[in-house]
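Enquirer: Below you'll find model29.tsv; it's TSV, C-alpha atoms.
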chain	number	residue	atom	x	y	z
A	12	GLY	CA	-32.58	96.54	-135.13
A	13	LEU	CA	-34.55	95.65	-138.23
A	14	LEU	CA	-31.31	95.40	-140.16
A	15	ASN	CA	-29.86	91.97	-139.89
A	16	PHE	CA	-30.86	92.83	-142.97
A	17	ARG	CA	-33.67	90.66	-142.11
A	18	ARG	CA	-32.51	89.03	-145.16
A	19	SER	CA	-35.03	88.80	-147.96
A	20	PHE	CA	-38.05	90.26	-149.40
A	21	CYS	CA	-40.02	88.90	-152.29
A	22	SER	CA	-38.37	86.56	-154.73
A	23	ASN	CA	-39.91	85.57	-158.02
A	24	PRO	CA	-40.82	81.93	-158.70
A	25	LEU	CA	-39.15	82.33	-162.11
A	26	ASP	CA	-35.45	81.69	-162.34
A	27	GLU	CA	-33.04	84.61	-162.73
A	28	THR	CA	-32.65	84.17	-166.49
A	29	GLN	CA	-36.40	84.44	-166.98
A	30	ILE	CA	-36.64	87.40	-164.62
A	31	CYS	CA	-33.91	89.31	-166.45
A	32	ALA	CA	-35.84	88.93	-169.69
A	33	ARG	CA	-38.77	90.79	-168.14
A	34	TRP	CA	-36.82	93.69	-166.66
A	35	SER	CA	-36.93	97.25	-167.91
A	36	ASP	CA	-34.13	99.79	-167.86
A	37	SER	CA	-33.87	101.42	-164.42
A	38	MET	CA	-32.57	104.61	-166.02
A	39	SER	CA	-36.23	105.53	-166.62
A	40	LEU	CA	-36.76	105.48	-162.85
A	41	ASP	CA	-37.08	108.87	-161.14
A	42	PRO	CA	-34.80	108.97	-158.05
A	43	ASP	CA	-37.65	110.59	-156.10
A	44	PHE	CA	-39.51	107.27	-156.36
A	45	PHE	CA	-37.45	106.08	-153.40
A	46	CYS	CA	-38.68	109.02	-151.28
A	47	GLN	CA	-42.38	108.26	-151.65
A	48	TYR	CA	-42.69	105.78	-148.80
A	49	ALA	CA	-39.74	106.83	-146.62
A	50	PRO	CA	-38.06	110.26	-146.57
A	51	CYS	CA	-34.59	110.62	-148.06
A	52	ASP	CA	-32.79	113.80	-149.15
A	53	ASN	CA	-29.42	112.19	-149.90
A	54	GLN	CA	-29.12	112.64	-153.68
A	55	ASN	CA	-26.03	110.43	-153.94
A	56	LEU	CA	-27.86	107.60	-152.18
A	57	LEU	CA	-30.88	108.01	-154.44
A	58	ALA	CA	-28.65	107.86	-157.51
A	59	GLU	CA	-27.02	104.70	-156.16
A	60	LEU	CA	-30.43	103.08	-155.65
A	61	VAL	CA	-31.42	103.91	-159.23
A	62	ALA	CA	-28.20	102.27	-160.44
A	63	MET	CA	-28.95	99.14	-158.38
A	64	ALA	CA	-32.61	98.90	-159.35
A	65	SER	CA	-34.47	97.11	-162.11
A	66	ILE	CA	-38.11	97.45	-163.11
A	67	GLN	CA	-40.29	94.40	-163.69
A	68	GLN	CA	-43.83	93.99	-165.01
A	69	PHE	CA	-46.35	91.49	-163.65
A	70	GLN	CA	-49.71	90.60	-165.13
A	71	LYS	CA	-52.98	90.56	-163.23
A	72	ARG	CA	-53.34	87.34	-161.15
A	73	GLU	CA	-49.69	86.46	-161.63
A	74	ILE	CA	-47.92	85.01	-158.59
A	75	ILE	CA	-44.98	87.26	-157.75
A	76	LEU	CA	-43.74	85.05	-154.94
A	77	GLU	CA	-44.60	81.45	-154.06
A	78	MET	CA	-45.10	80.54	-150.43
A	79	GLY	CA	-42.06	78.61	-149.20
A	80	THR	CA	-39.73	80.21	-151.76
A	81	GLN	CA	-36.43	81.59	-150.50
A	82	GLN	CA	-36.53	85.35	-150.83
A	83	LYS	CA	-33.95	87.13	-153.00
A	84	TRP	CA	-35.47	90.46	-154.00
A	85	PHE	CA	-36.52	93.63	-152.25
A	86	TYR	CA	-39.66	94.69	-154.16
A	87	LEU	CA	-41.19	98.17	-154.14
A	88	LEU	CA	-44.55	98.92	-155.71
A	89	LYS	CA	-44.35	101.40	-158.58
A	90	GLN	CA	-47.82	100.92	-160.00
A	91	GLY	CA	-50.77	98.59	-159.40
A	92	VAL	CA	-52.20	96.57	-156.51
A	93	THR	CA	-50.77	93.42	-154.92
A	94	CYS	CA	-51.76	91.21	-152.02
A	95	SER	CA	-50.29	88.70	-149.61
A	96	TYR	CA	-52.26	85.54	-148.81
A	97	SER	CA	-51.85	82.14	-147.22
A	98	LEU	CA	-53.60	78.78	-147.60
A	99	GLN	CA	-55.54	77.19	-144.76
A	100	SER	CA	-55.69	73.45	-144.10
A	101	ASP	CA	-59.03	73.25	-145.91
A	102	GLY	CA	-57.59	74.93	-148.99
A	103	SER	CA	-59.23	78.31	-148.42
A	104	GLU	CA	-57.20	81.47	-148.93
A	105	ILE	CA	-56.73	84.13	-146.26
A	106	THR	CA	-55.67	87.56	-147.52
A	107	ASP	CA	-53.65	89.31	-144.84
A	108	CYS	CA	-52.38	92.34	-146.72
A	109	ILE	CA	-53.30	94.48	-149.72
A	110	MET	CA	-50.55	96.75	-151.04
A	111	ALA	CA	-51.55	99.70	-153.22
A	112	GLU	CA	-49.46	102.71	-152.16
A	113	PRO	CA	-46.71	103.67	-154.64
A	114	GLY	CA	-43.27	103.16	-153.17
A	115	MET	CA	-44.30	100.72	-150.48
A	116	PRO	CA	-42.53	97.39	-149.97
A	117	VAL	CA	-44.19	94.32	-151.45
A	118	MET	CA	-43.12	91.78	-148.87
A	119	PRO	CA	-44.31	88.68	-147.05
A	120	SER	CA	-42.13	89.23	-143.96
A	121	PRO	CA	-39.33	91.45	-142.69
A	122	GLU	CA	-37.32	88.29	-141.97
A	123	PHE	CA	-35.14	87.96	-145.03
A	124	ASP	CA	-33.44	84.68	-144.13
A	125	ILE	CA	-36.58	82.50	-144.03
A	126	PRO	CA	-38.75	81.11	-146.83
A	127	SER	CA	-41.76	83.26	-147.59
A	128	PRO	CA	-44.67	82.45	-145.24
A	129	THR	CA	-47.22	83.66	-147.82
A	130	TYR	CA	-47.92	84.03	-151.51
A	131	ILE	CA	-47.65	87.44	-153.14
A	132	GLU	CA	-50.06	88.00	-156.04
A	133	ALA	CA	-50.59	90.82	-158.52
A	134	LEU	CA	-54.25	91.85	-158.21
A	135	THR	CA	-53.89	94.18	-161.20
A	136	ASP	CA	-51.23	94.58	-163.84
A	137	CYS	CA	-48.27	95.79	-161.77
A	138	THR	CA	-44.92	97.45	-162.11
A	139	LEU	CA	-42.40	96.69	-159.36
A	140	VAL	CA	-38.94	98.06	-158.64
A	141	LEU	CA	-36.45	95.35	-157.67
A	142	LEU	CA	-33.32	95.57	-155.56
A	143	LYS	CA	-31.32	92.39	-155.04
A	144	ILE	CA	-31.21	91.67	-151.32
A	145	SER	CA	-27.62	90.43	-151.31
A	146	ASP	CA	-26.47	93.60	-153.08
A	147	VAL	CA	-28.37	95.82	-150.64
A	148	GLN	CA	-26.98	93.93	-147.65
A	149	ASN	CA	-23.41	94.18	-148.92
A	150	LYS	CA	-23.62	97.89	-149.69
A	151	ALA	CA	-25.39	98.65	-146.40
A	152	GLN	CA	-22.39	97.38	-144.47
A	153	TYR	CA	-20.39	100.34	-145.81
A	154	ASN	CA	-23.21	102.82	-146.34
A	155	PRO	CA	-25.07	103.78	-143.14
A	156	GLY	CA	-27.45	105.96	-145.14
A	157	LEU	CA	-28.67	102.97	-147.14
A	158	ALA	CA	-29.11	100.88	-144.00
A	159	THR	CA	-31.10	103.70	-142.40
A	160	LEU	CA	-33.36	104.10	-145.43
A	161	ILE	CA	-34.16	100.40	-145.68
A	162	ASN	CA	-34.90	100.33	-141.95
A	163	ARG	CA	-37.32	103.22	-142.49
A	164	TYR	CA	-39.08	101.23	-145.21
A	165	LEU	CA	-39.39	98.18	-143.00
A	166	SER	CA	-40.39	100.10	-139.88
A	167	ARG	CA	-43.17	101.96	-141.66
A	168	ALA	CA	-44.38	98.87	-143.51
A	169	TRP	CA	-44.76	96.87	-140.33
A	170	HIS	CA	-46.24	99.78	-138.41
A	171	ASP	CA	-48.87	100.09	-141.16
A	172	HIS	CA	-49.42	96.33	-141.13
A	173	TYR	CA	-50.07	96.16	-137.39
A	174	LYS	CA	-52.27	99.27	-137.53
A	175	THR	CA	-54.35	97.51	-140.19
A	176	GLU	CA	-54.58	94.34	-138.10
A	177	SER	CA	-55.85	96.36	-135.14
A	178	ALA	CA	-58.52	98.10	-137.22
A	179	LEU	CA	-59.76	94.86	-138.75
A	180	ARG	CA	-59.84	93.11	-135.39
A	181	LEU	CA	-61.75	95.80	-133.52
A	182	LEU	CA	-64.22	97.26	-136.03
A	183	PRO	CA	-67.64	95.80	-136.95
A	184	ALA	CA	-68.18	94.72	-140.56
A	185	ARG	CA	-69.77	97.98	-141.76
A	186	ASP	CA	-66.97	100.07	-140.26
A	187	ARG	CA	-64.30	97.73	-141.64
A	188	TYR	CA	-65.64	98.34	-145.13
A	189	LYS	CA	-65.79	102.12	-144.61
A	190	TRP	CA	-62.22	101.99	-143.28
A	191	PHE	CA	-61.17	100.13	-146.43
A	192	LEU	CA	-62.70	102.77	-148.69
A	193	GLU	CA	-60.80	105.49	-146.82
A	194	GLU	CA	-57.46	103.65	-146.67
A	195	TYR	CA	-57.61	102.20	-150.20
A	196	PRO	CA	-59.33	104.82	-152.38
A	197	GLU	CA	-60.41	103.55	-155.81
A	198	VAL	CA	-59.18	100.01	-155.12
A	199	ILE	CA	-62.67	98.56	-154.56
A	200	ASP	CA	-63.45	98.52	-158.30
A	201	ARG	CA	-60.01	97.36	-159.42
A	202	VAL	CA	-59.55	94.05	-157.59
A	203	PRO	CA	-61.64	90.90	-157.01
A	204	HIS	CA	-64.16	91.42	-154.22
A	205	SER	CA	-63.33	87.93	-152.95
A	206	ARG	CA	-59.87	89.25	-152.04
A	207	ILE	CA	-61.36	92.29	-150.32
A	208	SER	CA	-63.84	90.23	-148.29
A	209	SER	CA	-61.05	87.87	-147.24
A	210	PHE	CA	-58.87	90.81	-146.25
A	211	LEU	CA	-61.71	92.36	-144.24
A	212	GLY	CA	-62.49	89.06	-142.50
A	213	MET	CA	-66.01	88.63	-143.84
A	214	SER	CA	-67.75	86.41	-146.37
A	215	PRO	CA	-68.43	87.67	-149.92
A	216	ILE	CA	-72.15	87.64	-149.07
A	217	THR	CA	-71.58	89.85	-146.03
A	218	LEU	CA	-69.47	92.24	-148.10
A	219	SER	CA	-72.23	92.50	-150.71
A	220	ARG	CA	-74.80	93.25	-148.00
A	221	VAL	CA	-72.60	95.88	-146.40
A	222	ARG	CA	-71.97	97.56	-149.75
A	223	ALA	CA	-75.69	97.56	-150.53
A	224	ASN	CA	-76.47	99.36	-147.27
A	225	ILE	CA	-73.89	102.15	-147.57
If you took the structure in this file and wrote it as structure tokens, what would it be?

Expert:
Amino acid sequence: GLLNFRRSFCSNPLDETQICARWSDSMSLDPDFFCQYAPCDNQNLLAELVAMASIQQFQKREIILEMGTQQKWFYLLKQGVTCSYSLQSDGSEITDCIMAEPGMPVMPSPEFDIPSPTYIEALTDCTLVLLKISDVQNKAQYNPGLATLINRYLSRAWHDHYKTESALRLLPARDRYKWFLEEYPEVIDRVPHSRISSFLGMSPITLSRVRANI
């Protein structure tokens, strides 16, 4: 299944000492946060996740994860907008994912034992909830409920990702933009339009023309 634990999520390019300095107390985290993206009614499990979690702030345009970095952290979006992008041989950037739903994983890949295939960037000031992958993996061996919940996160995240890919591949430019407005309400005025045009597979000029005609 998805749980090998597919071993890593998003790790920060900063070292652990620097990361710890930027963490907030997880005791301010509502246990229901972990139910936003995947259902869970096990109160003991939710309390355990709160105890394991830390909260970290990222500034707009900050790189959360460098491409090629070994992943160490399971990141969940608490507030803000992030994206995943890769570099082409000519140096251009291709945005393959925009993440804006509270509770959703901020991840480059469900394969936790490989270096990240993309960069993860904060498109706005962001707050992320962190769970250390090694801790989650160890506890999941003895806690089937935790393993099931993480699998739910990963299953939904990749279902949503492939659904997005299908929409962007099949729809014409005008409909892609209308789809974006429906799927990402209020994001259009919060993030660089260059990221949105890259995500939608069109040039910035085409995006401007489409917006002008809607």

Enquirer: Which residues are near segment 47-62 of chain A? Cut-off 8 Å, all atoms listed in the file, ignore same chain within fewer than 5 positions. Put them as a list in words.

Expert: Ser37, Met38, Leu40, Asp41, Pro42, Pro113, Gly114, Met115, Gly156, Leu157, Leu160, Arg163, Tyr164 and Arg167 of chain A

Enquirer: Neighbours of segment 85-100 of chain A within 8 Å (all atoms listed in the file; same-chain residues fewer than 4 positions away dropped), as JSON, numbers by chain?

Expert: {"A": [19, 20, 21, 22, 44, 78, 104, 105, 106, 107, 108, 109, 110, 111, 112, 113, 114, 115, 116, 117, 118, 119, 128, 129, 130, 131, 132, 133, 134, 135, 136, 137, 138, 139, 140, 141, 142, 143, 144, 198, 202]}

Enquirer: Figure out the distance between atom CA of Ser214 of chain A and atom CA of Asp186 of chain A, please, to one decimal in Å.

Expert: 15.0 Å

Enquirer: So how far away is atom CA of Gln152 of chain A from atom CA of Trp169 of chain A, in Å?

Expert: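 Those two atoms sit 22.8 Å apart.
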
Enquirer: What's the 12 Å shell around Ser219 of chain A, counting only C-alpha atoms, without same-chain residues fewer than 2 positions away, as a list of chain:residue names?

Expert: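 Skipping anything fewer than 2 positions along the chain leaves A:Ala184, A:Arg185, A:Tyr188, A:Ile199, A:His204, A:Ser205, A:Ile207, A:Ser208, A:Met213, A:Ser214, A:Pro215, A:Ile216, A:Thr217, A:Val221, A:Arg222, A:Ala223, A:Asn224, A:Ile225.
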
Enquirer: Using all atoms listed in the file, which of A:Lys71, A:Lys83, A:Arg187, A:Arg201 sits nearest Val147 of chain A?

Expert: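 The shortest atom-to-atom distance to Val147 of chain A comes from A:Lys83.
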
Enquirer: Out of A:Arg220, A:Cys46, A:Pro121, A:Glu73, which residue has the shortest atom-to-atom distance to Leu165 of chain A when counting all atoms listed in the file?

Expert: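 Smallest separation from Leu165 of chain A among the options: A:Pro121.
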
Enquirer: To one decimal place in Å, what is the distance between atom CA of Gly102 of chain A and atom CA of Leu218 of chain A?

Expert: 21.0 Å
